[in-house]
file entry-v9.cif (mmCIF, C-alpha atoms)
data_upload
loop_
_atom_site.label_atom_id
_atom_site.label_comp_id
_atom_site.auth_asym_id
_atom_site.auth_seq_id
_atom_site.Cartn_x
_atom_site.Cartn_y
_atom_site.Cartn_z
CA MET U 22 -15.79 -11.64 -2.58
CA THR U 23 -18.64 -9.42 -3.68
CA PHE U 24 -18.63 -6.93 -6.56
CA GLN U 25 -18.48 -4.11 -4.01
CA LYS U 26 -15.26 -5.54 -2.54
CA TYR U 27 -13.64 -5.71 -5.97
CA LEU U 28 -14.62 -2.05 -6.39
CA VAL U 29 -12.77 -1.20 -3.15
CA LEU U 30 -9.66 -3.04 -4.43
CA ALA U 31 -9.94 -1.14 -7.73
CA GLY U 32 -10.29 2.08 -5.69
CA ILE U 33 -6.95 1.38 -3.95
CA THR U 34 -5.18 1.15 -7.32
CA VAL U 35 -6.92 4.06 -9.05
CA PHE U 36 -6.80 6.53 -6.13
CA ALA U 37 -3.14 5.77 -5.31
CA THR U 38 -2.07 6.12 -8.94
CA ALA U 39 -4.08 9.28 -9.66
CA GLY U 40 -3.12 10.81 -6.28
CA ASP U 41 0.60 10.26 -6.85
CA ALA U 42 0.35 11.65 -10.38
CA LEU U 43 -1.48 14.81 -9.27
CA LEU U 44 0.92 15.33 -6.36
CA ALA U 45 3.93 14.95 -8.67
CA ARG U 46 2.41 17.42 -11.17
CA GLY U 47 1.66 19.94 -8.43
CA MET U 48 5.14 19.73 -6.91
CA LYS U 49 6.72 20.22 -10.35
CA GLU U 50 4.56 23.31 -10.88
CA LEU U 51 5.85 24.70 -7.59
CA GLY U 52 9.49 23.94 -8.35
CA GLY U 53 12.08 22.72 -5.84
CA VAL U 54 11.31 23.21 -2.15
CA SER U 55 14.46 24.26 -0.35
CA LEU U 56 15.27 22.85 3.08
CA HIS U 57 15.73 26.41 4.33
CA HIS U 58 12.21 27.40 3.36
CA LEU U 59 10.14 24.57 4.76
CA SER U 60 7.15 26.94 4.98
CA GLY U 61 6.97 26.41 1.22
CA LEU U 62 5.73 22.88 1.96
CA LEU U 63 2.77 24.26 3.93
CA LEU U 64 1.87 26.69 1.15
CA ALA U 65 2.07 23.80 -1.34
CA ILE U 66 -1.39 22.70 -0.14
CA LEU U 67 -2.82 25.84 -1.78
CA ASN U 68 -1.83 24.50 -5.20
CA PRO U 69 -4.96 22.85 -6.73
CA SER U 70 -3.03 19.81 -8.03
CA VAL U 71 -1.39 19.20 -4.65
CA ALA U 72 -4.71 19.62 -2.82
CA GLY U 73 -6.44 17.23 -5.26
CA GLY U 74 -3.60 14.73 -4.91
CA ILE U 75 -3.86 14.79 -1.11
CA LEU U 76 -7.65 14.26 -1.28
CA LEU U 77 -7.17 11.27 -3.62
CA LEU U 78 -4.50 9.79 -1.33
CA ILE U 79 -6.91 10.10 1.62
CA ALA U 80 -9.48 8.19 -0.48
CA PHE U 81 -6.77 5.60 -1.21
CA PHE U 82 -6.01 5.16 2.50
CA ALA U 83 -9.72 4.75 3.33
CA CYS U 84 -10.06 2.02 0.68
CA TYR U 85 -6.84 0.37 1.85
CA VAL U 86 -7.76 0.05 5.54
CA SER U 87 -11.32 -0.93 4.61
CA ALA U 88 -9.94 -3.78 2.46
CA LEU U 89 -7.69 -4.84 5.34
CA SER U 90 -10.82 -5.20 7.50
CA TRP U 91 -12.09 -8.10 5.37
CA ALA U 92 -9.07 -9.46 3.49
CA ASP U 93 -5.59 -10.73 4.38
CA LEU U 94 -2.60 -8.38 4.09
CA THR U 95 -0.92 -10.87 1.74
CA TYR U 96 -4.02 -10.60 -0.48
CA VAL U 97 -4.42 -6.80 -0.48
CA LEU U 98 -0.74 -5.84 -1.01
CA PRO U 99 -0.14 -7.56 -4.36
CA ALA U 100 -3.49 -6.23 -5.56
CA THR U 101 -2.31 -2.66 -4.92
CA SER U 102 0.79 -3.20 -7.06
CA SER U 103 -1.30 -3.41 -10.23
CA GLY U 104 -1.06 0.39 -10.07
CA TYR U 105 2.46 0.20 -11.54
CA VAL U 106 1.07 -1.66 -14.54
CA PHE U 107 -1.80 0.81 -14.83
CA VAL U 108 0.59 3.79 -14.93
CA ALA U 109 2.91 2.19 -17.49
CA LEU U 110 0.04 1.22 -19.79
CA THR U 111 -1.51 4.70 -19.53
CA ALA U 112 1.88 6.25 -20.33
CA HIS U 113 2.23 3.96 -23.34
CA PHE U 114 -1.24 4.20 -24.89
CA ALA U 115 -2.30 7.72 -23.86
CA PHE U 116 1.04 9.57 -23.90
CA HIS U 117 2.89 7.31 -26.40
CA GLU U 118 5.87 6.77 -24.10
CA VAL U 119 8.23 4.01 -25.17
CA ILE U 120 8.32 1.00 -22.86
CA SER U 121 11.55 -1.06 -22.91
CA PRO U 122 11.44 -4.89 -23.13
CA THR U 123 12.61 -5.25 -19.48
CA ARG U 124 9.69 -3.03 -18.41
CA TRP U 125 7.24 -5.16 -20.41
CA LEU U 126 8.68 -8.20 -18.61
CA GLY U 127 8.19 -6.42 -15.28
CA ILE U 128 4.58 -5.62 -16.24
CA ALA U 129 4.02 -9.28 -17.12
CA LEU U 130 5.50 -10.50 -13.79
CA ILE U 131 3.39 -8.09 -11.70
CA THR U 132 0.23 -8.96 -13.64
CA ALA U 133 0.94 -12.68 -13.18
CA GLY U 134 1.55 -12.17 -9.44
CA VAL U 135 -1.65 -10.19 -8.96
CA GLY U 136 -3.65 -12.74 -10.94
CA PHE U 137 -2.16 -15.58 -8.86
CA VAL U 138 -3.29 -14.02 -5.58
CA ALA U 139 -6.65 -12.69 -6.77
CA ALA U 140 -7.67 -16.16 -7.97
CA GLY U 141 -7.08 -17.61 -4.48
CA PRO U 142 -9.02 -17.11 -1.23
CA SER U 143 -9.04 -13.55 0.16
CA LEU U 144 -9.16 -14.39 3.87
CA THR U 145 -7.47 -17.03 6.04
CA PRO U 146 -10.37 -18.99 7.56
CA VAL U 147 -9.85 -18.74 11.33
CA PRO U 148 -12.56 -18.49 13.98
CA ARG U 149 -12.70 -15.08 15.67
CA ILE U 150 -11.24 -15.04 19.19
CA ASP U 151 -13.52 -12.34 20.59
CA SER U 152 -16.73 -14.20 19.85
CA ARG U 153 -18.59 -12.12 22.46
CA ASP U 154 -18.52 -9.22 20.08
CA PRO U 155 -21.76 -9.41 18.05
CA LEU U 156 -20.37 -7.31 15.21
CA SER U 157 -17.30 -9.38 14.51
CA HIS U 158 -18.20 -11.58 11.58
CA GLU U 159 -17.47 -15.23 12.21
CA VAL U 160 -15.58 -17.05 9.54
CA LYS U 161 -16.44 -20.70 9.22
CA SER U 162 -13.39 -22.87 8.82
CA MET D 29 30.16 5.59 2.52
CA THR D 30 26.95 7.13 1.23
CA GLU D 31 26.02 3.68 -0.12
CA ILE D 32 25.97 2.30 3.43
CA TYR D 33 23.63 5.13 4.46
CA ALA D 34 21.37 4.42 1.49
CA TRP D 35 21.13 0.73 2.36
CA ALA D 36 20.58 1.56 6.05
CA ALA D 37 17.68 3.79 4.96
CA ILE D 38 16.35 1.00 2.72
CA GLY D 39 16.48 -1.40 5.69
CA LEU D 40 14.65 1.12 7.86
CA ILE D 41 11.98 1.69 5.15
CA ILE D 42 11.36 -2.07 4.85
CA LEU D 43 11.21 -2.52 8.64
CA ALA D 44 8.94 0.47 9.28
CA SER D 45 6.54 -0.09 6.38
CA THR D 46 6.22 -3.81 7.16
CA ALA D 47 5.51 -2.98 10.82
CA GLY D 48 3.01 -0.35 9.70
CA ASP D 49 1.18 -2.69 7.32
CA VAL D 50 1.04 -5.50 9.89
CA LEU D 51 -0.24 -3.14 12.62
CA LEU D 52 -2.89 -1.64 10.31
CA ALA D 53 -4.02 -5.09 9.15
CA TYR D 54 -4.18 -6.30 12.77
CA SER D 55 -6.18 -3.22 13.84
CA MET D 56 -8.66 -3.52 10.98
CA LYS D 57 -9.24 -7.22 11.67
CA ARG D 58 -10.12 -6.22 15.26
CA VAL D 59 -12.47 -3.50 14.02
CA GLY D 60 -14.21 -6.04 11.79
CA ASP D 61 -15.74 -5.77 8.33
CA VAL D 62 -16.04 -2.01 7.81
CA GLY D 63 -18.79 -2.39 5.19
CA GLU D 64 -21.01 -4.39 7.56
CA LEU D 65 -20.33 -2.03 10.46
CA TRP D 66 -21.19 0.97 8.26
CA LYS D 67 -24.52 -0.58 7.24
CA GLN D 68 -25.46 -1.43 10.82
CA ARG D 69 -24.17 1.55 12.81
CA GLY D 70 -23.23 4.29 10.35
CA ALA D 71 -20.02 6.05 9.31
CA LEU D 72 -19.33 7.72 12.66
CA ALA D 73 -19.32 4.35 14.43
CA VAL D 74 -16.73 3.10 11.93
CA LEU D 75 -14.52 6.14 12.47
CA GLY D 76 -14.90 5.97 16.26
CA ARG D 77 -14.06 2.31 16.36
CA VAL D 78 -11.01 2.67 14.12
CA LEU D 79 -9.66 5.63 16.11
CA ALA D 80 -10.29 3.79 19.40
CA THR D 81 -7.93 1.00 18.31
CA PRO D 82 -4.49 1.91 19.77
CA THR D 83 -2.55 -0.26 17.31
CA PHE D 84 -4.02 1.81 14.44
CA ALA D 85 -2.20 4.93 15.69
CA LEU D 86 0.99 2.87 16.07
CA GLY D 87 0.59 1.65 12.49
CA LEU D 88 0.19 5.23 11.25
CA ALA D 89 3.32 6.25 13.21
CA ALA D 90 5.29 3.39 11.62
CA MET D 91 4.07 4.50 8.17
CA ALA D 92 5.25 8.04 8.92
CA ILE D 93 8.71 6.70 9.93
CA ALA D 94 8.82 4.74 6.66
CA PHE D 95 7.94 7.90 4.69
CA TYR D 96 10.65 9.99 6.33
CA SER D 97 13.19 7.18 5.94
CA LEU D 98 12.35 7.23 2.24
CA LEU D 99 13.05 10.98 2.12
CA PHE D 100 16.39 10.45 3.87
CA GLY D 101 17.20 7.48 1.67
CA LEU D 102 16.53 9.56 -1.41
CA SER D 103 18.91 12.24 -0.19
CA TRP D 104 21.74 9.68 0.06
CA GLY D 105 21.03 7.21 -2.69
CA ASN D 106 19.67 7.19 -6.23
CA LEU D 107 15.95 7.11 -6.88
CA SER D 108 16.53 4.07 -9.10
CA LEU D 109 18.11 2.13 -6.21
CA VAL D 110 16.14 3.21 -3.15
CA VAL D 111 12.56 2.97 -4.46
CA PRO D 112 12.64 -0.41 -6.25
CA ALA D 113 14.88 -2.05 -3.61
CA SER D 114 12.65 -0.98 -0.73
CA THR D 115 9.27 -1.65 -2.41
CA SER D 116 10.18 -5.06 -3.79
CA LEU D 117 11.79 -6.30 -0.56
CA THR D 118 8.80 -4.95 1.42
CA PHE D 119 6.51 -7.33 -0.49
CA VAL D 120 8.57 -10.33 0.60
CA ALA D 121 9.05 -9.02 4.16
CA ASN D 122 5.28 -8.48 4.42
CA ALA D 123 4.56 -12.07 3.42
CA VAL D 124 6.95 -13.33 6.13
CA ALA D 125 5.57 -10.92 8.77
CA ALA D 126 1.92 -11.67 7.90
CA ARG D 127 2.63 -15.36 8.42
CA ILE D 128 4.44 -14.88 11.74
CA PHE D 129 2.43 -12.07 13.37
CA LEU D 130 -1.00 -12.22 11.73
CA HIS D 131 -1.05 -16.04 11.32
CA GLU D 132 -2.23 -15.64 7.75
CA ARG D 133 -2.12 -18.79 5.71
CA VAL D 134 0.51 -17.75 3.17
CA SER D 135 -0.02 -20.45 0.58
CA ARG D 136 2.49 -21.36 -2.12
CA ARG D 137 0.30 -19.28 -4.44
CA ARG D 138 0.89 -16.18 -2.27
CA TRP D 139 4.64 -16.77 -1.88
CA ILE D 140 4.98 -17.00 -5.66
CA ALA D 141 2.89 -13.84 -6.04
CA ALA D 142 5.06 -11.91 -3.54
CA LEU D 143 8.22 -12.98 -5.40
CA LEU D 144 6.75 -12.26 -8.86
CA VAL D 145 5.56 -8.80 -7.84
CA GLY D 146 8.88 -8.05 -6.12
CA ALA D 147 10.86 -9.09 -9.22
CA GLY D 148 8.44 -7.19 -11.47
CA VAL D 149 8.91 -3.97 -9.50
CA ILE D 150 12.71 -4.25 -9.88
CA LEU D 151 12.43 -4.85 -13.64
CA MET D 152 10.11 -1.87 -14.10
CA ALA D 153 12.63 0.40 -12.39
CA LEU D 154 15.59 -0.72 -14.56
#

call {"tool": "encode", "arguments": {"input": "entry-v9.cif", "output": "structure tokens"}}
result
Amino acid sequence: MTFQKYLVLAGITVFATAGDALLARGMKELGGVSLHHLSGLLLAILNPSVAGGILLLIAFFACYVSALSWADLTYVLPATSSGYVFVALTAHFAFHEVISPTRWLGIALITAGVGFVAAGPSLTPVPRIDSRDPLSHEVKS
Amino acid sequence: MTEIYAWAAIGLIILASTAGDVLLAYSMKRVGDVGELWKQRGALAVLGRVLATPTFALGLAAMAIAFYSLLFGLSWGNLSLVVPASTSLTFVANAVAARIFLHERVSRRRWIAALLVGAGVILMAL
């Protein structure tokens, strides 16, 4: 794991969290979208918050699939969940929201789970099957 | 009755998002290390290679099904049931699927992590 790869993992968390937040803010600004006026959903893209949120979520997806190209799914997925902790802590320290004891316990469990996985190996060491491909990196077992 | 629909939607979300994640992970392992590929051949080569992998499109389709199932689930069940139940169970389902289909070595460390994160997500939604 290089520093650059940790940056990609951090990108997954930050972009997903910020993208969701912007999207939620934009949709609240627009008000409820009725099922009978689905064209409202298309126009929603014109809202700056919604557009920004979509761009951030595209950045999230790019980081996510890029991480999956060099790390196991069971390594990447728990890492992404640290976003929940990130949001709760931001809400608490920046917006002074009250966090209940059960939520603190949830934060502790997620943090412990992420730490558990991150401390272990990121990729199952198996030799590549298509060894004819010069670009596929071989993993020594 | 609506509870049955909500749980059916939750089941569908778990199934579709697990299938999507496994397909995307499988595709990206076939593509190879994106960072290396980028350095050697450039961004267009990365994009071309990803889009030329058929399982990638299947993975995206599965993700779309999961997203729409979530919308349907939310129309039948409460936000506080559907979201935590589906996300937390997806973590565990993914660990099982990664072991079976991707042959990842899911160590005891990773099982514990999947369970801890799953439980944590439920607690945060309470």

call {"tool": "resolve_selection", "arguments": {"input": "entry-v9.cif", "expression": "the PyMOL selection byres ((chain D) within 7 of (chain U))", "output": "list in words"}}
result
Ala53, Met56, Lys57, Val59, Gly60, Asp61, Val62, Ala123, Ala126, Glu132, Arg133, Arg137, Arg138, Ala141, Ala142, Leu144, Val145, Gly148, Val149, Leu151 and Met152 of chain D

call {"tool": "atom_distance", "arguments": {"input": "entry-v9.cif", "atom1": "atom CA of D:Arg136", "atom2": "atom CA of D:Leu154"}}
result
27.4 Å

call {"tool": "resolve_selection", "arguments": {"input": "entry-v9.cif", "expression": "the PyMOL selection byres ((chain D and resi 108-118) around 7)", "output": "list in words"}}
result
Ile38, Ile41, Ile42, Thr46, Gly101, Leu102, Gly105, Asn106, Leu107, Phe119, Val120, Ala121, Asn122, Gly146, Ala147, Val149, Ile150 and Ala153 of chain D

call {"tool": "write_last_selection", "arguments": {"input": "entry-v9.cif", "atoms": "C-alpha atoms", "output": "PDB file, in the frame of the given file"}}
result
ATOM      1  CA  ILE D  38      16.350   1.000   2.720  1.00  0.00           C
ATOM      2  CA  ILE D  41      11.980   1.690   5.150  1.00  0.00           C
ATOM      3  CA  ILE D  42      11.360  -2.070   4.850  1.00  0.00           C
ATOM      4  CA  THR D  46       6.220  -3.810   7.160  1.00  0.00           C
ATOM      5  CA  GLY D 101      17.200   7.480   1.670  1.00  0.00           C
ATOM      6  CA  LEU D 102      16.530   9.560  -1.410  1.00  0.00           C
ATOM      7  CA  GLY D 105      21.030   7.210  -2.690  1.00  0.00           C
ATOM      8  CA  ASN D 106      19.670   7.190  -6.230  1.00  0.00           C
ATOM      9  CA  LEU D 107      15.950   7.110  -6.880  1.00  0.00           C
ATOM     10  CA  PHE D 119       6.510  -7.330  -0.490  1.00  0.00           C
ATOM     11  CA  VAL D 120       8.570 -10.330   0.600  1.00  0.00           C
ATOM     12  CA  ALA D 121       9.050  -9.020   4.160  1.00  0.00           C
ATOM     13  CA  ASN D 122       5.280  -8.480   4.420  1.00  0.00           C
ATOM     14  CA  GLY D 146       8.880  -8.050  -6.120  1.00  0.00           C
ATOM     15  CA  ALA D 147      10.860  -9.090  -9.220  1.00  0.00           C
ATOM     16  CA  VAL D 149       8.910  -3.970  -9.500  1.00  0.00           C
ATOM     17  CA  ILE D 150      12.710  -4.250  -9.880  1.00  0.00           C
ATOM     18  CA  ALA D 153      12.630   0.400 -12.390  1.00  0.00           C
TER      19      ALA D 153
END

call {"tool": "atom_distance", "arguments": {"input": "entry-v9.cif", "atom1": "atom CA of U:Phe36", "atom2": "atom CA of D:Leu51"}}
result
22.1 Å

call {"tool": "decode", "arguments": {"input": "entry-v9.cif", "residues": "stretch 59-101 of chain D", "atoms": "N, CA and C atoms", "output": "short mmCIF file (atom, residue, chain, number, x, y, z; two decimals), in the first residue's frame"}}
result
data_model
loop_
_atom_site.label_atom_id
_atom_site.label_comp_id
_atom_site.auth_asym_id
_atom_site.auth_seq_id
_atom_site.Cartn_x
_atom_site.Cartn_y
_atom_site.Cartn_z
N VAL D 59 -9.08 -5.80 -15.51
CA VAL D 59 -8.47 -4.62 -16.12
C VAL D 59 -7.03 -4.47 -15.61
N GLY D 60 -6.83 -4.75 -14.34
CA GLY D 60 -5.50 -4.61 -13.74
C GLY D 60 -5.35 -3.28 -13.02
N ASP D 61 -4.22 -3.10 -12.37
CA ASP D 61 -3.97 -1.90 -11.58
C ASP D 61 -4.13 -0.64 -12.46
N VAL D 62 -5.18 0.13 -12.17
CA VAL D 62 -5.51 1.30 -12.99
C VAL D 62 -4.38 2.34 -12.94
N GLY D 63 -3.76 2.51 -11.79
CA GLY D 63 -2.68 3.49 -11.64
C GLY D 63 -1.50 3.17 -12.56
N GLU D 64 -1.12 1.88 -12.59
CA GLU D 64 -0.01 1.44 -13.44
C GLU D 64 -0.35 1.65 -14.91
N LEU D 65 -1.58 1.23 -15.26
CA LEU D 65 -2.04 1.30 -16.65
C LEU D 65 -2.04 2.76 -17.12
N TRP D 66 -2.48 3.65 -16.24
CA TRP D 66 -2.55 5.08 -16.54
C TRP D 66 -1.15 5.61 -16.85
N LYS D 67 -0.19 5.24 -15.99
CA LYS D 67 1.19 5.70 -16.16
C LYS D 67 1.78 5.21 -17.48
N GLN D 68 1.45 3.95 -17.84
CA GLN D 68 2.08 3.36 -19.02
C GLN D 68 1.38 3.73 -20.33
N ARG D 69 0.04 3.79 -20.30
CA ARG D 69 -0.69 3.98 -21.56
C ARG D 69 -1.57 5.21 -21.61
N GLY D 70 -1.77 5.87 -20.49
CA GLY D 70 -2.61 7.07 -20.48
C GLY D 70 -4.06 6.81 -20.09
N ALA D 71 -4.79 7.91 -19.85
CA ALA D 71 -6.16 7.83 -19.32
C ALA D 71 -7.13 7.17 -20.29
N LEU D 72 -6.95 7.46 -21.58
CA LEU D 72 -7.89 6.91 -22.58
C LEU D 72 -7.82 5.39 -22.62
N ALA D 73 -6.61 4.85 -22.47
CA ALA D 73 -6.43 3.40 -22.47
C ALA D 73 -7.17 2.78 -21.29
N VAL D 74 -7.11 3.46 -20.13
CA VAL D 74 -7.81 2.97 -18.94
C VAL D 74 -9.31 2.92 -19.22
N LEU D 75 -9.83 4.04 -19.74
CA LEU D 75 -11.26 4.13 -20.01
C LEU D 75 -11.69 3.08 -21.03
N GLY D 76 -10.91 2.95 -22.10
CA GLY D 76 -11.22 1.98 -23.15
C GLY D 76 -11.25 0.57 -22.61
N ARG D 77 -10.26 0.27 -21.77
CA ARG D 77 -10.16 -1.08 -21.25
C ARG D 77 -11.30 -1.40 -20.28
N VAL D 78 -11.66 -0.41 -19.47
CA VAL D 78 -12.77 -0.62 -18.52
C VAL D 78 -14.08 -0.83 -19.29
N LEU D 79 -14.32 0.04 -20.30
CA LEU D 79 -15.58 -0.05 -21.04
C LEU D 79 -15.64 -1.30 -21.91
N ALA D 80 -14.47 -1.86 -22.26
CA ALA D 80 -14.45 -3.06 -23.10
C ALA D 80 -14.67 -4.33 -22.27
N THR D 81 -14.77 -4.18 -20.95
CA THR D 81 -15.02 -5.35 -20.09
C THR D 81 -16.52 -5.51 -19.92
N PRO D 82 -17.11 -6.59 -20.52
CA PRO D 82 -18.58 -6.73 -20.50
C PRO D 82 -19.15 -6.82 -19.09
N THR D 83 -18.44 -7.46 -18.16
CA THR D 83 -18.97 -7.62 -16.81
C THR D 83 -19.09 -6.28 -16.09
N PHE D 84 -18.33 -5.26 -16.55
CA PHE D 84 -18.43 -3.93 -15.94
C PHE D 84 -19.83 -3.35 -16.17
N ALA D 85 -20.31 -3.48 -17.43
CA ALA D 85 -21.66 -2.97 -17.75
C ALA D 85 -22.71 -3.74 -16.94
N LEU D 86 -22.52 -5.06 -16.80
CA LEU D 86 -23.45 -5.86 -15.99
C LEU D 86 -23.46 -5.37 -14.54
N GLY D 87 -22.27 -5.08 -14.02
CA GLY D 87 -22.16 -4.58 -12.65
C GLY D 87 -22.91 -3.27 -12.48
N LEU D 88 -22.74 -2.37 -13.47
CA LEU D 88 -23.45 -1.08 -13.43
C LEU D 88 -24.96 -1.30 -13.45
N ALA D 89 -25.41 -2.25 -14.30
CA ALA D 89 -26.84 -2.55 -14.39
C ALA D 89 -27.36 -3.05 -13.05
N ALA D 90 -26.59 -3.93 -12.40
CA ALA D 90 -27.00 -4.46 -11.09
C ALA D 90 -27.09 -3.34 -10.06
N MET D 91 -26.12 -2.39 -10.13
CA MET D 91 -26.15 -1.24 -9.22
C MET D 91 -27.40 -0.40 -9.45
N ALA D 92 -27.78 -0.24 -10.72
CA ALA D 92 -28.98 0.53 -11.04
C ALA D 92 -30.22 -0.16 -10.48
N ILE D 93 -30.29 -1.50 -10.60
CA ILE D 93 -31.42 -2.26 -10.04
C ILE D 93 -31.47 -2.05 -8.52
N ALA D 94 -30.28 -2.08 -7.88
CA ALA D 94 -30.23 -1.89 -6.43
C ALA D 94 -30.77 -0.50 -6.06
N PHE D 95 -30.40 0.51 -6.86
CA PHE D 95 -30.83 1.88 -6.58
C PHE D 95 -32.35 2.02 -6.70
N TYR D 96 -32.91 1.44 -7.77
CA TYR D 96 -34.37 1.53 -7.93
C TYR D 96 -35.11 0.70 -6.89
N SER D 97 -34.53 -0.44 -6.50
CA SER D 97 -35.15 -1.23 -5.43
C SER D 97 -35.19 -0.42 -4.14
N LEU D 98 -34.13 0.37 -3.93
CA LEU D 98 -34.09 1.22 -2.73
C LEU D 98 -35.22 2.25 -2.78
N LEU D 99 -35.43 2.84 -3.96
CA LEU D 99 -36.52 3.82 -4.11
C LEU D 99 -37.87 3.16 -3.82
N PHE D 100 -38.07 1.95 -4.37
CA PHE D 100 -39.33 1.24 -4.12
C PHE D 100 -39.45 0.87 -2.66
N GLY D 101 -38.36 0.38 -2.09
CA GLY D 101 -38.36 0.00 -0.68
C GLY D 101 -38.74 1.18 0.20
#
